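Visitor: Here it is, the structure, as structure tokens.
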Amino acid sequence: MPERKILLNPGPASTTDTVKAAQIVPDICPREKEFGDLMEYVSNSLALIAAPNGGYKAVLFGGSGTAGVEAVLSSVPAEGESVIVINNGAYGKRMCDILKTYSIGFEEYVSSKTEKLDLDDFRAFVGRAVSEKNARYISCVHSETTTGLLNDIGAIGGIAAEFGIKLIVDAMSSFAAVPIDMEEMNISFLIASSNKNIQGMAGVVFVIASDKTLADRDGKKPRSFYLDLYAQHDYFIKTRQTRFTPPVQTLYALKQAVDELKNETVAKRYQRYTESWEELKRGLDSIGLKRLVDDSCHGHIITTVLEPDIPGYSFNDMHDYLYSKGITIYPGKISEGRTFRIANIGAIDRSDIAVFIKELKAYFDSLSD
């Protein structure tokens with residue numbers, strides 16, 4: 001097996017040797033029954049993670065997480081309908097950019113990147129958008145990868161139910177870690193990918209929705225050919241194949257990752273991630289580094305750290321030092337101040353975080369030599 005690396009970037013995440021090894025399979029045409037069996041197993045297993053009572057499917061696409069978000073936003077709204085987008089980070093803003101690209105109407109609700117959503121104010125905004133702009137959907141990010149902020153999708157789903165509209169959730173960096181029940185939370189479409197908390201390899205994105213929702217196209221005209229969500233679902237139901245060539249080896253790795261998640265369980269995985277986050281907090285505090293998002297609305301997944309204002313410090317130098325030690329970190333993604341991000345997801349635990357803190361401290365100690 002290759003040398004083990006500690007990936008503390010927000011994805012792709014570190015994987016187990018068994019997930020890596022699962023990609024080494026005999027060459028196979030993805031149109032064979034055997035591969036159809038594998039895709040059906042993966043689809044059903046992914047859906048059960050977020051909808052344990054059944055009756056939901058995961059529609060698979062080859063692509064990044066953004067491809068899944070684009071598939072939903074370009075496929076779901078009918079002509080004349082608009083989408084309410086909660087923008088409290090780079091990925092909420094990306095939803096707005098996708099809707100602009102397709103000339104789909106949207107109402108942008110801009111909220112703090114670091115504080116909880118004001119639910120009363122948002123409810124009033126939704127009421128106006130429904131009555132005045134024919135808003136039929138709310139679209140939001142669950143765990144905002146920009147900062148680590150965790151939106152209360154249960155409360156947002158409740159507001160959607162009040163107004164009889166549907167909720168679309170980008171759960172890219174929360175799915176398979178933070179517990180989600182789509183029925184209880186009134187989520188109509190949930191989007192995630194293979195390479196974060198599932199701990200698989202990058203290359204597969206999926207959209208989870210109920211069988212009824214996926215069958216209800218309402219005569220909507222497709223806006224995209226490759227990313228037509230309903231066509232992809234219909235073709236899979238009929239043939240157990242994707243319309244276009246899937247990332248074959250990545251799907252074998254995803255099956256292995258799903259089986260490993262079933263063995264660990266979502267609850268225990270989130271507990272492991274939370275223990276790593278607590279180790280990270282203690283370590284950052286011991287060095288004197290400040291965190292951006294308060295614990296009360298943090299998802300225990302990604303932590304944004306304020307860069308220190310000290311002589312000799314450089315993010316690039318820090319990154320390169322840590323990379324030389326087998327540790328990867330990621331720069332910040334907000335315009336308000338200089339930051340960097342640490343993700344405590346993937347096949348790591350608190351001992352890996354302790355190694356990171358030790359090396360991070362060594363870097364800062366070297367600045368005073």
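Starting from 1 in every chain, residues are counted up; chains themselves are A, B, ... following the order of the structure tokens, and ligands are numbered from 1 as listed.
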Show me a table, sorted first by chain and then by increasing residue number, of the residues of segment 128-202 of chain A having an atom at most 10 Å from segment 256-269 of chain A, each with its shortest atom pair and the distance in Å to one decimal, counting only C-alpha atoms and written as JSON lines.

Guide:
```
{"residue": "A:Phe175", "atom": "CA", "partner": "A:Val266", "partner_atom": "CA", "distance": 9.0}
{"residue": "A:Ala176", "atom": "CA", "partner": "A:Val266", "partner_atom": "CA", "distance": 5.6}
{"residue": "A:Ala177", "atom": "CA", "partner": "A:Val266", "partner_atom": "CA", "distance": 5.5}
{"residue": "A:Val178", "atom": "CA", "partner": "A:Val266", "partner_atom": "CA", "distance": 7.4}
{"residue": "A:Pro179", "atom": "CA", "partner": "A:Val266", "partner_atom": "CA", "distance": 6.7}
{"residue": "A:Ile180", "atom": "CA", "partner": "A:Val266", "partner_atom": "CA", "distance": 9.5}
{"residue": "A:Ser194", "atom": "CA", "partner": "A:Ala257", "partner_atom": "CA", "distance": 8.6}
{"residue": "A:Asn195", "atom": "CA", "partner": "A:Ala257", "partner_atom": "CA", "distance": 9.6}
{"residue": "A:Asn197", "atom": "CA", "partner": "A:Arg269", "partner_atom": "CA", "distance": 8.6}
{"residue": "A:Ile198", "atom": "CA", "partner": "A:Ala257", "partner_atom": "CA", "distance": 6.2}
{"residue": "A:Gln199", "atom": "CA", "partner": "A:Ala257", "partner_atom": "CA", "distance": 6.0}
{"residue": "A:Gly200", "atom": "CA", "partner": "A:Ala257", "partner_atom": "CA", "distance": 5.3}
{"residue": "A:Met201", "atom": "CA", "partner": "A:Ala257", "partner_atom": "CA", "distance": 8.7}
```

Visitor: Using N, CA and C atoms, can you export the residues from the last selection as a compact mmCIF listing (two decimals), in the first residue's frame?

Guide:
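Wrote it out as part_7.txt, contents follow:
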```txt
# COMPACT_ATOMS: atom_id res chain seq x y z
N PHE A 175 -23.07 14.75 5.16
CA PHE A 175 -23.66 13.43 4.92
C PHE A 175 -22.71 12.32 5.39
N ALA A 176 -23.28 11.34 6.07
CA ALA A 176 -22.56 10.18 6.59
C ALA A 176 -21.75 10.49 7.84
N ALA A 177 -21.95 11.70 8.38
CA ALA A 177 -21.33 12.04 9.67
C ALA A 177 -22.41 12.63 10.58
N VAL A 178 -22.87 13.83 10.25
CA VAL A 178 -23.94 14.45 11.03
C VAL A 178 -25.24 13.70 10.72
N PRO A 179 -25.93 13.17 11.73
CA PRO A 179 -27.16 12.41 11.46
C PRO A 179 -28.20 13.25 10.72
N ILE A 180 -28.79 12.66 9.68
CA ILE A 180 -29.82 13.31 8.86
C ILE A 180 -30.96 12.32 8.64
N SER A 194 -18.84 11.12 -2.92
CA SER A 194 -18.20 9.90 -2.45
C SER A 194 -16.93 10.13 -1.64
N ASN A 195 -16.44 11.36 -1.58
CA ASN A 195 -15.06 11.55 -1.16
C ASN A 195 -14.85 12.29 0.15
N ASN A 197 -17.15 12.35 4.03
CA ASN A 197 -17.38 11.52 5.22
C ASN A 197 -17.66 10.05 4.90
N ILE A 198 -18.06 9.77 3.68
CA ILE A 198 -18.22 8.35 3.30
C ILE A 198 -16.86 7.68 3.24
N GLN A 199 -15.81 8.49 3.03
CA GLN A 199 -14.43 8.02 3.03
C GLN A 199 -14.14 7.13 1.82
N GLY A 200 -14.79 7.46 0.70
CA GLY A 200 -14.49 6.80 -0.56
C GLY A 200 -13.56 7.67 -1.39
N MET A 201 -13.43 7.34 -2.67
CA MET A 201 -12.58 8.09 -3.57
C MET A 201 -13.41 9.14 -4.31
```

Visitor: Write out as a ChimeraX atom specification each polymer residue whose atoms come within 8 Å of segment 284-293 of chain A, counting only C-alpha atoms; drop sequence neighbours fewer than 6 positions from it.

Guide: /A:114-115,147-149,303-308,357,361

Visitor: Write out as number ranges by chain all residues of segment 60-108 of chain A that backbone DSSP assigns to alpha helix (DSSP H).

Guide: A: 65-75, 90-101

Visitor: Would you mind exporting the chosen residues as a PDB file, in the first residue's frame, restricted to N, CA and C atoms?

Guide:
```pdb
ATOM      1  N   GLY A  65     -18.929  17.247  -6.486  1.00  0.00           N
ATOM      2  CA  GLY A  65     -20.119  17.633  -5.752  1.00  0.00           C
ATOM      3  C   GLY A  65     -20.927  18.699  -6.456  1.00  0.00           C
ATOM      4  N   THR A  66     -20.231  19.659  -7.052  1.00  0.00           N
ATOM      5  CA  THR A  66     -20.924  20.741  -7.752  1.00  0.00           C
ATOM      6  C   THR A  66     -21.797  20.210  -8.881  1.00  0.00           C
ATOM      7  N   ALA A  67     -21.374  19.128  -9.523  1.00  0.00           N
ATOM      8  CA  ALA A  67     -22.192  18.537 -10.590  1.00  0.00           C
ATOM      9  C   ALA A  67     -23.540  18.088 -10.043  1.00  0.00           C
ATOM     10  N   GLY A  68     -23.561  17.551  -8.834  1.00  0.00           N
ATOM     11  CA  GLY A  68     -24.827  17.126  -8.239  1.00  0.00           C
ATOM     12  C   GLY A  68     -25.726  18.293  -7.896  1.00  0.00           C
ATOM     13  N   VAL A  69     -25.133  19.364  -7.349  1.00  0.00           N
ATOM     14  CA  VAL A  69     -25.919  20.561  -7.044  1.00  0.00           C
ATOM     15  C   VAL A  69     -26.491  21.147  -8.332  1.00  0.00           C
ATOM     16  N   GLU A  70     -25.673  21.185  -9.376  1.00  0.00           N
ATOM     17  CA  GLU A  70     -26.137  21.710 -10.657  1.00  0.00           C
ATOM     18  C   GLU A  70     -27.228  20.829 -11.254  1.00  0.00           C
ATOM     19  N   ALA A  71     -27.111  19.510 -11.089  1.00  0.00           N
ATOM     20  CA  ALA A  71     -28.140  18.609 -11.611  1.00  0.00           C
ATOM     21  C   ALA A  71     -29.493  18.917 -10.985  1.00  0.00           C
ATOM     22  N   VAL A  72     -29.522  19.138  -9.690  1.00  0.00           N
ATOM     23  CA  VAL A  72     -30.795  19.420  -9.021  1.00  0.00           C
ATOM     24  C   VAL A  72     -31.327  20.800  -9.411  1.00  0.00           C
ATOM     25  N   LEU A  73     -30.471  21.815  -9.293  1.00  0.00           N
ATOM     26  CA  LEU A  73     -30.949  23.182  -9.543  1.00  0.00           C
ATOM     27  C   LEU A  73     -31.339  23.415 -10.992  1.00  0.00           C
ATOM     28  N   SER A  74     -30.726  22.692 -11.917  1.00  0.00           N
ATOM     29  CA  SER A  74     -31.086  22.866 -13.328  1.00  0.00           C
ATOM     30  C   SER A  74     -32.270  21.998 -13.733  1.00  0.00           C
ATOM     31  N   SER A  75     -32.562  20.948 -12.968  1.00  0.00           N
ATOM     32  CA  SER A  75     -33.616  20.005 -13.349  1.00  0.00           C
ATOM     33  C   SER A  75     -34.947  20.248 -12.648  1.00  0.00           C
ATOM     34  N   ALA A  90     -19.391  30.333   0.662  1.00  0.00           N
ATOM     35  CA  ALA A  90     -19.031  30.225  -0.753  1.00  0.00           C
ATOM     36  C   ALA A  90     -19.913  29.246  -1.514  1.00  0.00           C
ATOM     37  N   TYR A  91     -20.422  28.223  -0.827  1.00  0.00           N
ATOM     38  CA  TYR A  91     -21.175  27.200  -1.545  1.00  0.00           C
ATOM     39  C   TYR A  91     -22.649  27.574  -1.668  1.00  0.00           C
ATOM     40  N   GLY A  92     -23.165  28.409  -0.753  1.00  0.00           N
ATOM     41  CA  GLY A  92     -24.471  29.015  -0.974  1.00  0.00           C
ATOM     42  C   GLY A  92     -24.412  29.978  -2.145  1.00  0.00           C
ATOM     43  N   LYS A  93     -23.337  30.767  -2.193  1.00  0.00           N
ATOM     44  CA  LYS A  93     -23.154  31.688  -3.320  1.00  0.00           C
ATOM     45  C   LYS A  93     -23.050  30.914  -4.633  1.00  0.00           C
ATOM     46  N   ARG A  94     -22.404  29.747  -4.606  1.00  0.00           N
ATOM     47  CA  ARG A  94     -22.267  28.952  -5.828  1.00  0.00           C
ATOM     48  C   ARG A  94     -23.638  28.522  -6.348  1.00  0.00           C
ATOM     49  N   MET A  95     -24.562  28.240  -5.451  1.00  0.00           N
ATOM     50  CA  MET A  95     -25.924  27.922  -5.884  1.00  0.00           C
ATOM     51  C   MET A  95     -26.518  29.079  -6.684  1.00  0.00           C
ATOM     52  N   CYS A  96     -26.301  30.306  -6.190  1.00  0.00           N
ATOM     53  CA  CYS A  96     -26.788  31.486  -6.912  1.00  0.00           C
ATOM     54  C   CYS A  96     -26.154  31.565  -8.298  1.00  0.00           C
ATOM     55  N   ASP A  97     -24.857  31.284  -8.369  1.00  0.00           N
ATOM     56  CA  ASP A  97     -24.159  31.348  -9.653  1.00  0.00           C
ATOM     57  C   ASP A  97     -24.696  30.304 -10.636  1.00  0.00           C
ATOM     58  N   ILE A  98     -25.025  29.118 -10.135  1.00  0.00           N
ATOM     59  CA  ILE A  98     -25.589  28.079 -11.003  1.00  0.00           C
ATOM     60  C   ILE A  98     -26.945  28.529 -11.544  1.00  0.00           C
ATOM     61  N   LEU A  99     -27.783  29.050 -10.670  1.00  0.00           N
ATOM     62  CA  LEU A  99     -29.115  29.494 -11.100  1.00  0.00           C
ATOM     63  C   LEU A  99     -29.024  30.644 -12.102  1.00  0.00           C
ATOM     64  N   LYS A 100     -28.064  31.548 -11.902  1.00  0.00           N
ATOM     65  CA  LYS A 100     -27.841  32.625 -12.875  1.00  0.00           C
ATOM     66  C   LYS A 100     -27.477  32.049 -14.237  1.00  0.00           C
ATOM     67  N   THR A 101     -26.609  31.044 -14.237  1.00  0.00           N
ATOM     68  CA  THR A 101     -26.155  30.440 -15.491  1.00  0.00           C
ATOM     69  C   THR A 101     -27.331  29.897 -16.299  1.00  0.00           C
TER      70      THR A 101
END
```

Visitor: Have a look at A:Lys333, A:His298, A:Arg4, A:Lys57 and name the one nearest to Thr213 of chain A; count only C-alpha atoms.

Guide: A:Lys57

Visitor: To one decimal place in Å, what is the distance between atom CA of Phe206 of chain A and atom CA of Lys20 of chain A?

Guide: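 Those two atoms sit 20.3 Å apart.
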
Visitor: Hey, what does DSSP flag as strand (DSSP E) within segment 117-332 of chain A? Can you give it to me as a PyMOL selection string?

Guide: chain A and resi 135-141+143-144+149-150+166-170+189-193+204-210+302-306+327-328+330-331

Visitor: May I have the selected residues written with N, CA, C and O atoms, as a tab-separated table (two decimals), in the first residue's frame?

Guide:
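Output below, filename selection13.tsv:
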```
chain	number	residue	atom	x	y	z
A	135	ALA	N	-41.84	31.49	-5.33
A	135	ALA	CA	-40.77	30.62	-4.83
A	135	ALA	C	-41.38	29.28	-4.44
A	135	ALA	O	-42.34	29.22	-3.66
A	136	ARG	N	-40.81	28.22	-4.97
A	136	ARG	CA	-41.32	26.87	-4.70
A	136	ARG	C	-40.28	25.97	-4.03
A	136	ARG	O	-40.56	24.82	-3.71
A	137	TYR	N	-39.09	26.51	-3.81
A	137	TYR	CA	-38.00	25.72	-3.23
A	137	TYR	C	-37.14	26.59	-2.32
A	137	TYR	O	-36.98	27.79	-2.57
A	138	ILE	N	-36.60	25.99	-1.27
A	138	ILE	CA	-35.50	26.57	-0.50
A	138	ILE	C	-34.28	25.72	-0.78
A	138	ILE	O	-34.35	24.49	-0.76
A	139	SER	N	-33.15	26.36	-1.04
A	139	SER	CA	-31.90	25.63	-1.30
A	139	SER	C	-30.84	26.15	-0.34
A	139	SER	O	-30.65	27.37	-0.22
A	140	CYS	N	-30.17	25.24	0.35
A	140	CYS	CA	-29.17	25.67	1.33
A	140	CYS	C	-28.08	24.62	1.46
A	140	CYS	O	-28.22	23.48	1.02
A	141	VAL	N	-27.00	25.03	2.09
A	141	VAL	CA	-25.90	24.13	2.44
A	141	VAL	C	-26.07	23.71	3.89
A	141	VAL	O	-26.41	24.55	4.74
A	143	SER	N	-23.61	21.78	6.03
A	143	SER	CA	-22.33	22.15	6.66
A	143	SER	C	-21.58	23.01	5.65
A	143	SER	O	-21.11	22.50	4.63
A	144	GLU	N	-21.49	24.31	5.92
A	144	GLU	CA	-20.87	25.24	4.98
A	144	GLU	C	-19.35	25.04	5.03
A	144	GLU	O	-18.68	25.40	6.00
A	149	LEU	N	-19.59	26.31	9.58
A	149	LEU	CA	-20.90	26.62	10.12
A	149	LEU	C	-21.90	25.53	9.76
A	149	LEU	O	-21.93	25.06	8.62
A	150	LEU	N	-22.72	25.12	10.74
A	150	LEU	CA	-23.74	24.10	10.51
A	150	LEU	C	-25.11	24.74	10.54
A	150	LEU	O	-25.54	25.27	11.57
A	166	LYS	N	-40.58	22.97	-1.23
A	166	LYS	CA	-39.62	21.87	-1.07
A	166	LYS	C	-38.24	22.39	-0.67
A	166	LYS	O	-37.88	23.52	-0.98
A	167	LEU	N	-37.49	21.53	0.02
A	167	LEU	CA	-36.16	21.88	0.50
A	167	LEU	C	-35.10	21.07	-0.23
A	167	LEU	O	-35.18	19.84	-0.31
A	168	ILE	N	-34.10	21.78	-0.76
A	168	ILE	CA	-32.94	21.19	-1.42
A	168	ILE	C	-31.73	21.42	-0.50
A	168	ILE	O	-31.48	22.56	-0.09
A	169	VAL	N	-30.99	20.37	-0.18
A	169	VAL	CA	-29.87	20.50	0.75
A	169	VAL	C	-28.59	19.96	0.13
A	169	VAL	O	-28.53	18.80	-0.30
A	170	ASP	N	-27.57	20.81	0.11
A	170	ASP	CA	-26.21	20.39	-0.21
A	170	ASP	C	-25.60	19.89	1.10
A	170	ASP	O	-25.29	20.67	1.99
A	189	PHE	N	-34.68	16.98	-1.66
A	189	PHE	CA	-33.50	16.58	-2.43
A	189	PHE	C	-32.26	16.81	-1.57
A	189	PHE	O	-32.06	17.90	-1.04
A	190	LEU	N	-31.44	15.78	-1.46
A	190	LEU	CA	-30.19	15.88	-0.70
A	190	LEU	C	-29.04	15.46	-1.61
A	190	LEU	O	-29.11	14.43	-2.28
A	191	ILE	N	-27.98	16.26	-1.62
A	191	ILE	CA	-26.86	16.03	-2.53
A	191	ILE	C	-25.59	15.80	-1.72
A	191	ILE	O	-25.30	16.55	-0.78
A	192	ALA	N	-24.83	14.78	-2.08
A	192	ALA	CA	-23.55	14.51	-1.42
A	192	ALA	C	-22.62	13.79	-2.40
A	192	ALA	O	-23.01	13.47	-3.52
A	193	SER	N	-21.40	13.54	-1.96
A	193	SER	CA	-20.41	12.92	-2.85
A	193	SER	C	-19.65	11.82	-2.14
A	193	SER	O	-19.76	11.64	-0.93
A	204	VAL	N	-17.69	10.40	-7.68
A	204	VAL	CA	-19.13	10.09	-7.75
A	204	VAL	C	-19.89	11.10	-6.92
A	204	VAL	O	-19.53	11.39	-5.78
A	205	VAL	N	-20.95	11.66	-7.50
A	205	VAL	CA	-21.87	12.51	-6.76
A	205	VAL	C	-23.24	11.88	-6.87
A	205	VAL	O	-23.53	11.16	-7.83
A	206	PHE	N	-24.09	12.12	-5.87
A	206	PHE	CA	-25.42	11.49	-5.90
A	206	PHE	C	-26.45	12.42	-5.31
A	206	PHE	O	-26.16	13.30	-4.48
A	207	VAL	N	-27.67	12.24	-5.78
A	207	VAL	CA	-28.83	13.00	-5.32
A	207	VAL	C	-29.81	12.01	-4.73
A	207	VAL	O	-30.23	11.07	-5.40
A	208	ILE	N	-30.19	12.21	-3.46
A	208	ILE	CA	-31.15	11.33	-2.80
A	208	ILE	C	-32.52	12.03	-2.78
A	208	ILE	O	-32.62	13.19	-2.38
A	209	ALA	N	-33.53	11.31	-3.22
A	209	ALA	CA	-34.91	11.82	-3.19
A	209	ALA	C	-35.85	10.63	-3.12
A	209	ALA	O	-35.45	9.49	-3.39
A	210	SER	N	-37.09	10.89	-2.76
A	210	SER	CA	-38.05	9.79	-2.66
A	210	SER	C	-38.42	9.29	-4.05
A	210	SER	O	-38.31	10.02	-5.05
A	302	ILE	N	-15.32	20.88	9.98
A	302	ILE	CA	-14.33	21.77	9.39
A	302	ILE	C	-14.17	22.98	10.30
A	302	ILE	O	-15.17	23.57	10.73
A	303	THR	N	-12.94	23.34	10.60
A	303	THR	CA	-12.68	24.48	11.49
A	303	THR	C	-11.88	25.53	10.74
A	303	THR	O	-10.82	25.23	10.18
A	304	THR	N	-12.41	26.75	10.72
A	304	THR	CA	-11.69	27.86	10.12
A	304	THR	C	-10.91	28.58	11.21
A	304	THR	O	-11.46	28.95	12.25
A	305	VAL	N	-9.62	28.77	10.97
A	305	VAL	CA	-8.69	29.33	11.95
A	305	VAL	C	-8.21	30.68	11.44
A	305	VAL	O	-7.85	30.82	10.26
A	306	LEU	N	-8.20	31.66	12.32
A	306	LEU	CA	-7.68	32.98	11.97
A	306	LEU	C	-6.16	32.93	11.91
A	306	LEU	O	-5.52	32.42	12.84
A	327	ILE	N	1.29	15.81	6.10
A	327	ILE	CA	0.02	16.41	6.54
A	327	ILE	C	-0.39	17.49	5.54
A	327	ILE	O	0.42	18.36	5.20
A	328	THR	N	-1.64	17.46	5.09
A	328	THR	CA	-2.13	18.45	4.13
A	328	THR	C	-3.21	19.32	4.78
A	328	THR	O	-4.16	18.78	5.37
A	330	TYR	N	-5.49	23.29	4.19
A	330	TYR	CA	-6.11	24.04	3.10
A	330	TYR	C	-6.25	25.50	3.48
A	330	TYR	O	-6.53	25.82	4.64
A	331	PRO	N	-6.08	26.42	2.53
A	331	PRO	CA	-6.27	27.83	2.84
A	331	PRO	C	-7.73	28.17	3.08
A	331	PRO	O	-8.63	27.39	2.77
```

Visitor: Excluding segment 220-224 of chain A and its own-chain neighbours fewer than 5 positions away, which residues fall within 9 Å of it when counting only C-alpha atoms? Please give them as a short mmCIF file (atom, residue, chain, number, x, y, z; two decimals) with C-alpha atoms, in the first residue's frame.

Guide:
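In the end it all went to result11.cif:
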```cif
data_model
loop_
_atom_site.label_atom_id
_atom_site.label_comp_id
_atom_site.auth_asym_id
_atom_site.auth_seq_id
_atom_site.Cartn_x
_atom_site.Cartn_y
_atom_site.Cartn_z
CA ALA A 71 -28.14 18.61 -11.61
CA SER A 74 -31.09 22.87 -13.33
CA SER A 75 -33.62 20.00 -13.35
CA VAL A 76 -36.10 20.66 -10.56
CA PRO A 77 -37.59 24.19 -10.87
CA ALA A 78 -40.30 24.43 -13.52
CA GLU A 79 -40.56 27.40 -15.87
CA TYR A 102 -29.47 28.73 -16.29
CA LEU A 229 -31.69 14.36 -12.93
CA TYR A 230 -34.99 12.80 -14.03
CA ALA A 231 -33.55 11.20 -17.16
#
```

Visitor: Measuring between only C-alpha atoms, which one of A:Asp295, A:Asp37, A:Gly203, A:Lys255 shows the shortest distance to Ala22 of chain A?

Guide: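 Looking only at the distances to Ala22 of chain A, the closest residue turns out to be A:Lys255.
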
Visitor: Could you pull the residues within 12 Å of Phe125 of chain A, counting only C-alpha atoms, minus those fewer than 2 positions along the same chain, as JSON, numbers by chain?

Guide: {"A": [84, 85, 86, 107, 108, 109, 110, 111, 118, 119, 120, 121, 122, 123, 127, 128, 129, 130, 131, 132, 133, 135, 138, 159, 160, 163]}

Visitor: Go ahead and write the selection's residues with C-alpha atoms as a tab-separated table (two decimals), in the first residue's frame.

Guide:
```tsv
chain	number	residue	atom	x	y	z
A	84	ILE	CA	-34.88	30.80	-2.29
A	85	VAL	CA	-31.13	30.41	-1.69
A	86	ILE	CA	-29.57	30.79	1.74
A	107	GLU	CA	-34.28	35.05	-4.17
A	108	GLU	CA	-31.01	35.33	-2.28
A	109	TYR	CA	-31.16	35.41	1.53
A	110	VAL	CA	-27.74	36.60	2.69
A	111	SER	CA	-26.89	35.52	6.23
A	118	ASP	CA	-32.15	34.22	12.15
A	119	LEU	CA	-35.11	31.88	11.68
A	120	ASP	CA	-37.81	34.48	12.33
A	121	ASP	CA	-36.35	36.87	9.78
A	122	PHE	CA	-35.87	34.04	7.32
A	123	ARG	CA	-39.47	32.86	7.76
A	127	GLY	CA	-43.35	34.28	3.06
A	128	ARG	CA	-42.69	37.27	0.82
A	129	ALA	CA	-40.82	35.20	-1.77
A	130	VAL	CA	-43.60	32.60	-1.95
A	131	SER	CA	-46.37	35.16	-2.37
A	132	GLU	CA	-44.56	37.64	-4.61
A	133	LYS	CA	-41.98	35.62	-6.58
A	135	ALA	CA	-40.77	30.62	-4.83
A	138	ILE	CA	-35.50	26.57	-0.50
A	159	ILE	CA	-40.30	26.53	7.48
A	160	ALA	CA	-40.49	24.93	4.02
A	163	PHE	CA	-45.32	27.32	3.17
```

Visitor: Between atom CA of Met39 of chain A and atom CA of Arg240 of chain A, measure the distance and give it in Å to one decimal.

Guide: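 So the answer is 7.1 Å.
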